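Undergrad: My structure is stored as upload39.tsv, with TSV, C-alpha atoms and all ligand atoms.
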```tsv
chain	number	residue	atom	x	y	z
A	1	MET	CA	59.67	109.65	214.20
A	2	LYS	CA	58.24	106.94	211.95
A	3	ILE	CA	54.47	107.33	211.69
A	4	ALA	CA	51.76	105.58	209.73
A	5	PHE	CA	48.47	107.44	209.38
A	6	LEU	CA	45.45	105.20	209.02
A	7	ASP	CA	41.76	105.59	208.51
A	8	ARG	CA	39.72	103.31	210.78
A	9	ASP	CA	36.53	101.98	209.13
A	10	GLY	CA	37.30	99.93	206.03
A	11	VAL	CA	40.99	99.72	206.97
A	12	ILE	CA	41.23	98.37	210.52
A	13	SER	CA	37.56	97.54	211.03
A	14	ILE	CA	34.68	96.67	208.76
A	15	PHE	CA	33.08	99.27	206.53
A	16	THR	CA	29.32	99.47	207.01
A	17	PRO	CA	27.61	101.03	203.96
A	18	ASP	CA	25.09	103.74	204.91
A	19	ASP	CA	25.63	103.04	208.58
A	20	TYR	CA	28.08	103.65	211.41
A	21	ILE	CA	29.82	101.58	214.04
A	22	LYS	CA	27.59	102.81	216.85
A	23	ASN	CA	28.76	100.54	219.66
A	24	TRP	CA	31.28	97.83	220.44
A	25	SER	CA	28.95	94.98	219.43
A	26	GLU	CA	29.02	96.35	215.86
A	27	PHE	CA	32.79	96.69	215.73
A	28	GLN	CA	34.69	93.96	213.86
A	29	PHE	CA	38.33	93.87	212.94
A	30	LEU	CA	39.05	93.14	209.29
A	31	PRO	CA	40.75	89.73	208.91
A	32	ASP	CA	44.25	90.92	207.95
A	33	ALA	CA	44.26	94.18	209.87
A	34	ILE	CA	45.86	92.94	213.07
A	35	GLU	CA	48.73	91.33	211.21
A	36	GLY	CA	49.24	94.56	209.27
A	37	LEU	CA	49.29	96.63	212.45
A	38	GLN	CA	51.73	94.19	214.06
A	39	THR	CA	54.07	94.54	211.08
A	40	LEU	CA	54.02	98.31	211.41
A	41	VAL	CA	54.52	98.33	215.18
A	42	LYS	CA	57.34	95.76	215.05
A	43	ASN	CA	59.10	97.95	212.52
A	44	GLY	CA	58.91	100.98	214.77
A	45	PHE	CA	55.99	102.85	213.25
A	46	ARG	CA	53.64	104.86	215.43
A	47	ILE	CA	50.05	104.23	214.47
A	48	VAL	CA	47.87	107.33	214.19
A	49	ILE	CA	44.17	106.94	213.35
A	50	ILE	CA	42.47	109.74	211.43
A	51	SER	CA	38.75	109.09	211.08
A	52	ASN	CA	35.53	110.91	210.19
A	53	GLN	CA	32.69	109.96	212.55
A	54	ALA	CA	29.81	112.19	211.54
A	55	GLY	CA	27.38	109.84	213.27
A	56	VAL	CA	28.17	111.81	216.42
A	57	GLY	CA	27.27	115.13	214.82
A	58	ARG	CA	24.11	113.53	213.44
A	59	LYS	CA	23.28	112.32	216.96
A	60	ILE	CA	23.15	108.67	215.84
A	61	PHE	CA	25.61	107.79	218.59
A	62	SER	CA	27.30	109.84	221.25
A	63	GLU	CA	30.87	110.95	221.63
A	64	GLN	CA	30.95	108.74	224.72
A	65	ASP	CA	29.92	105.73	222.57
A	66	LEU	CA	32.67	106.56	220.11
A	67	TRP	CA	35.37	106.69	222.78
A	68	ASP	CA	34.02	103.53	224.40
A	69	VAL	CA	34.45	101.69	221.08
A	70	THR	CA	37.90	103.23	220.77
A	71	GLU	CA	38.99	102.14	224.23
A	72	LYS	CA	37.78	98.57	223.65
A	73	MET	CA	39.47	98.46	220.25
A	74	GLN	CA	42.72	99.62	221.85
A	75	ASN	CA	42.40	97.02	224.63
A	76	GLU	CA	41.94	94.24	222.07
A	77	LEU	CA	44.90	95.47	220.05
A	78	ARG	CA	47.08	95.74	223.14
A	79	LYS	CA	46.54	92.01	223.71
A	80	GLN	CA	48.07	91.51	220.26
A	81	GLY	CA	51.05	93.69	221.08
A	82	ILE	CA	49.75	96.73	219.22
A	83	GLU	CA	49.78	100.15	220.83
A	84	ILE	CA	47.86	102.86	218.98
A	85	PHE	CA	49.84	106.08	219.36
A	86	LYS	CA	47.00	108.53	218.85
A	87	VAL	CA	43.41	108.63	217.59
A	88	TYR	CA	41.83	111.71	216.02
A	89	TYR	CA	38.16	111.87	215.11
A	90	CYS	CA	36.15	114.49	213.31
A	91	THR	CA	32.66	114.22	214.76
A	92	HIS	CA	31.18	117.02	212.67
A	93	THR	CA	28.69	116.71	209.84
A	94	PRO	CA	29.47	118.11	206.37
A	95	GLU	CA	27.05	120.96	207.11
A	96	ASP	CA	29.17	122.03	210.09
A	97	ASN	CA	31.85	123.04	207.59
A	98	CYS	CA	34.63	122.35	210.09
A	99	ASN	CA	38.29	122.27	209.15
A	100	CYS	CA	38.87	118.68	210.25
A	101	ARG	CA	36.41	116.54	208.30
A	102	LYS	CA	38.38	114.66	205.65
A	103	PRO	CA	39.21	115.59	202.87
A	104	LYS	CA	40.17	118.65	204.91
A	105	THR	CA	43.51	118.38	206.65
A	106	GLY	CA	42.70	119.69	210.15
A	107	MET	CA	43.36	116.39	211.91
A	108	ILE	CA	46.87	116.17	210.43
A	109	GLU	CA	47.45	119.78	211.48
A	110	ARG	CA	46.37	118.89	215.01
A	111	PHE	CA	48.87	116.04	215.05
A	112	ILE	CA	51.64	118.40	213.89
A	113	ALA	CA	50.65	120.96	216.52
A	114	GLU	CA	50.92	118.28	219.22
A	115	PHE	CA	53.92	116.26	218.08
A	116	GLY	CA	55.74	118.35	215.50
A	117	ASP	CA	56.19	117.90	211.81
A	118	PHE	CA	57.37	114.68	210.21
A	119	GLU	CA	59.04	113.60	206.99
A	120	ARG	CA	56.03	114.00	204.74
A	121	GLY	CA	57.49	112.39	201.64
A	122	LYS	CA	58.43	109.23	203.54
A	123	THR	CA	55.18	108.94	205.49
A	124	PHE	CA	52.13	107.01	204.36
A	125	PHE	CA	48.40	107.59	204.70
A	126	ILE	CA	46.32	104.41	204.33
A	127	GLY	CA	42.62	104.61	203.61
A	128	ASP	CA	39.71	103.00	201.82
A	129	SER	CA	38.13	106.07	200.25
A	130	ASP	CA	38.85	109.11	198.10
A	131	VAL	CA	38.89	111.50	201.07
A	132	ASP	CA	41.75	109.55	202.66
A	133	ILE	CA	43.84	109.71	199.52
A	134	GLU	CA	43.10	113.43	199.20
A	135	VAL	CA	44.18	114.21	202.77
A	136	GLY	CA	47.38	112.22	202.35
A	137	ALA	CA	48.20	113.83	199.02
A	138	LYS	CA	47.40	117.38	200.17
A	139	THR	CA	49.69	117.02	203.19
A	140	GLY	CA	52.57	115.71	201.08
A	141	MET	CA	52.36	112.07	202.10
A	142	LYS	CA	52.44	108.88	200.07
A	143	THR	CA	49.05	107.23	199.87
A	144	ILE	CA	47.84	103.65	199.86
A	145	LEU	CA	44.30	102.71	198.95
A	146	VAL	CA	43.07	99.46	200.46
A	147	LEU	CA	40.20	97.67	198.75
A	148	SER	CA	38.90	96.25	202.03
A	149	GLY	CA	36.26	98.91	202.60
A	150	LYS	CA	34.28	101.51	200.68
A	151	THR	CA	36.27	101.29	197.44
A	152	LYS	CA	36.01	97.89	195.80
A	153	SER	CA	38.18	98.23	192.70
A	154	VAL	CA	40.95	100.35	191.24
A	155	GLU	CA	38.58	101.39	188.42
A	156	GLU	CA	36.61	103.45	190.93
A	157	THR	CA	39.62	105.73	191.35
A	158	GLU	CA	39.67	106.77	187.70
A	159	ASN	CA	37.88	110.09	188.16
A	160	TRP	CA	39.27	110.91	191.59
A	161	ASN	CA	41.13	114.22	191.73
A	162	TYR	CA	43.86	112.62	193.83
A	163	LYS	CA	45.08	109.18	192.82
A	164	PRO	CA	46.61	106.76	195.31
A	165	ASP	CA	50.29	105.92	194.98
A	166	PHE	CA	49.51	102.28	195.69
A	167	VAL	CA	46.41	100.10	195.62
A	168	VAL	CA	46.37	96.89	197.62
A	169	ALA	CA	43.85	94.43	199.00
A	170	ASN	CA	44.16	95.17	202.69
A	171	LEU	CA	46.17	96.62	205.56
A	172	LYS	CA	48.47	93.62	205.70
A	173	GLU	CA	49.67	94.34	202.17
A	174	ALA	CA	49.82	98.07	202.84
A	175	ALA	CA	52.07	97.44	205.85
A	176	GLN	CA	54.43	95.41	203.65
A	177	ILE	CA	54.79	98.36	201.28
A	178	ILE	CA	55.49	100.73	204.15
A	179	VAL	CA	58.12	98.61	205.88
A	180	ASN	CA	59.79	98.08	202.51
A	181	GLY	CA	60.11	101.84	202.17
A	182	GLY	CA	57.55	102.13	199.41
A	183	ASN	CA	58.63	99.13	197.37
A	184	PHE	CA	56.05	96.51	196.76
A	185	GLN	CA	57.59	93.07	197.15
A	186	GLY	CA	54.76	91.04	195.70
A	187	GLY	CA	51.52	89.94	197.26
A	188	THR	CA	52.05	88.60	200.74
A	189	ASP	CA	49.57	85.83	200.10
A	190	GLY	CA	50.92	84.95	196.66
A	191	LYS	CA	48.17	86.77	194.77
A	192	GLU	CA	48.91	89.25	192.03
A	193	ASN	CA	48.53	92.72	193.40
A	194	LYS	CA	45.65	94.58	191.83
A	195	GLY	CA	46.67	97.85	190.26
A	196	CYS	CA	49.75	98.21	192.34
A	197	CYS	CA	51.94	101.21	192.05
A	198	VAL	CA	49.77	103.69	190.25
A	199	GLU	CA	52.45	106.42	190.54
B	201	MG	MG	37.05	104.47	205.78
B	202	ZN	ZN	35.43	118.22	211.96
```
Show how you would write the structure in this file as structure tokens.
Ligand SMILES: [Mg+2]
Ligand SMILES: [Zn+2]

TA:
Amino acid sequence: MKIAFLDRDGVISIFTPDDYIKNWSEFQFLPDAIEGLQTLVKNGFRIVIISNQAGVGRKIFSEQDLWDVTEKMQNELRKQGIEIFKVYYCTHTPEDNCNCRKPKTGMIERFIAEFGDFERGKTFFIGDSDVDIEVGAKTGMKTILVLSGKTKSVEETENWNYKPDFVVANLKEAAQIIVNGGNFQGGTDGKENKGCCVE
């Protein structure tokens, strides 16, 4: 089973500093995200979304709102030939001290409980923040940081406890790395890749 684990906000959809995507009118796909997802799907990868949504726990939006956004996102993606295999959310706040809020690994463990284990060393976790890279690293995956969300430059990763294996501009470039089996083949849009291949 070929799987790609992805964060949602800042990877597939826009990152909203100090705010949440509370309803569908606030949801926007990032420009290159759909192409990146298409690349993964065409190459046989199952897309699994792993996302913290503490706005539910903070009662800023409801669980119903969250799944409404999810359903509409999936409908839009389906029109582009993209089927999302599974979506996991942690809706707790940090104070809840749950076992699923990233950087904890509970959502990956739930996936394994449902679908079985996978080839960790050949599987990628793509995210825009330190918690994504930590989850991927702690569960034995390769990690790709995209600079399309919370993290704006590779310099910001310098004092992270877990460093990404790759740093790229967006999901489109991340998908290229994944389908090439972890080899970066040069920027897909002709640009030099920033801080690629930190390993
Ligand atoms: Mg994010
Ligand atoms: Zn949780």

Undergrad: Quick one: of A:Lys163, A:Phe45, A:Asn99, A:Arg58, who's nearest to A:Val179, counting all atoms listed in the file?

TA: A:Phe45

Undergrad: Could you check which of A:Arg101, A:Lys86, A:Lys42, A:Lys22 is closest to A:Phe61, using all atoms listed in the file?

TA: A:Lys22

Undergrad: Which residues sit within 7 Å of ligand MG 201 (chain B), counting only C-alpha atoms and all ligand atoms, listed as a ChimeraX atom specification?

TA: /A:7-11,15,127-129,149-150

Undergrad: Please find the residues contacting ligand ZN 202 (chain B) at a distance of at most 6 Å between atoms, with all atoms listed in the file counted, and report them as JSON, numbers by chain.

TA: {"A": [90, 91, 92, 98, 99, 100, 101]}

Undergrad: Export C-alpha atoms of the chosen residues as a tab-separated table (two decimals), in the coordinates of the input?

TA:
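This went into out.tsv:
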```tsv
chain	number	residue	atom	x	y	z
A	90	CYS	CA	36.15	114.49	213.31
A	91	THR	CA	32.66	114.22	214.76
A	92	HIS	CA	31.18	117.02	212.67
A	98	CYS	CA	34.63	122.35	210.09
A	99	ASN	CA	38.29	122.27	209.15
A	100	CYS	CA	38.87	118.68	210.25
A	101	ARG	CA	36.41	116.54	208.30
```

Undergrad: So that I can check the surroundings of A:Val48, please list as a list in words every protein, DNA and RNA residue that reaches within 10 Å of it, counting all atoms listed in the file and ignoring chain neighbours fewer than 6 positions away.

TA: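 Neighbouring residues, sequence-local ones excluded: Ile3, Ala4, Phe5, Leu6, Asp7, Arg8, Glu83, Ile84, Phe85, Lys86, Val87, Tyr88, Ile108, Phe111 and Phe125 of chain A.
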
Undergrad: Tell me, as a PyMOL selection string, which residues lie within 8 Å of A:Asn23, counting all atoms listed in the file; anything in the same chain fewer than 6 positions away does not count.

TA: chain A and resi 61+65-66+68-69

Undergrad: List as a ChimeraX atom specification: which residues have an atom within 9 Å of (50.4, 95.0, 220.5), counting only C-alpha atoms?

TA: /A:34,37-38,41-42,76-84

Undergrad: By how many Å are atom CA of A:Lys172 and atom CA of A:Asp32 apart?

TA: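 Pair atom CA of A:Lys172 / atom CA of A:Asp32 returns 5.5 Å.
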
Undergrad: Nearest to A:Met1 among A:Thr123, A:Gln74, A:Ile14, A:Val56, with distances taken over all atoms listed in the file: which residue is it?

TA: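 Using all atoms listed in the file, the shortest distance to A:Met1 belongs to A:Thr123.
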
Undergrad: How many Å lie between atom CA of A:Asp165 and atom CA of A:Gln53, rounded to one decimal?

TA: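 The value is 25.2 Å.
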
Undergrad: Using all atoms listed in the file, which residue out of A:Glu63, A:Asp130, A:Glu95, A:Asp19 lies closest to A:Glu156?

TA: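 Closest to A:Glu156, using all atoms listed in the file: A:Asp130.
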
Undergrad: Between A:Asn159, A:Ser62, A:Asn170, A:Thr143, single out the one closest to A:Pro31, counting all atoms listed in the file.

TA: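 Of all the options, A:Asn170 lies closest to A:Pro31.
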
Undergrad: In terms of the shortest atom-to-atom distance over all atoms listed in the file, which of A:Met107, A:Met141, A:Val135, A:Ile178 is closest to A:Ile49?

TA: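 Nearest candidate to A:Ile49 out of A:Met107, A:Met141, A:Val135, A:Ile178: A:Met107.
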
Undergrad: Any idea what the distance is between atom CA of A:Ala175 and atom CA of A:Arg46?

TA: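 Here the two named atoms are 12.2 Å from each other.
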
Undergrad: Just the residues within 8 Å of A:Lys142, please, counting all atoms listed in the file, with nothing from its chain fewer than 5 positions along; format it as number ranges by chain.

TA: A: 120-125, 136-137, 164-165

Undergrad: With a distance cut-off of 7 Å and all atoms listed in the file, select the neighbouring residues of A:Pro103, excluding the residue or stretch itself and same-chain residues fewer than 5 positions from it, and output the selection as JSON, numbers by chain.

TA: {"A": [131, 132, 134, 135]}

Undergrad: Write the selection just made, keeping C-alpha atoms, as an mmCIF file, in the coordinates of the input?

TA:
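Result file follows (part.cif):
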```
data_model
loop_
_atom_site.group_PDB
_atom_site.id
_atom_site.type_symbol
_atom_site.label_atom_id
_atom_site.label_comp_id
_atom_site.auth_asym_id
_atom_site.auth_seq_id
_atom_site.Cartn_x
_atom_site.Cartn_y
_atom_site.Cartn_z
ATOM 1 C CA VAL A 131 38.890 111.500 201.070
ATOM 2 C CA ASP A 132 41.750 109.550 202.660
ATOM 3 C CA GLU A 134 43.100 113.430 199.200
ATOM 4 C CA VAL A 135 44.180 114.210 202.770
#
```

Undergrad: Considering only C-alpha atoms, return as a list in words whatever protein or nucleic-acid residues lie within 9 Å of A:Ala174, sequence-local ones (same chain, fewer than 3 positions apart) excluded.

TA: Gly36, Ile126, Ile144, Leu145, Val146, Phe166, Val167, Val168, Ala169, Asn170, Leu171, Ile177, Ile178, Val179 and Phe184 of chain A
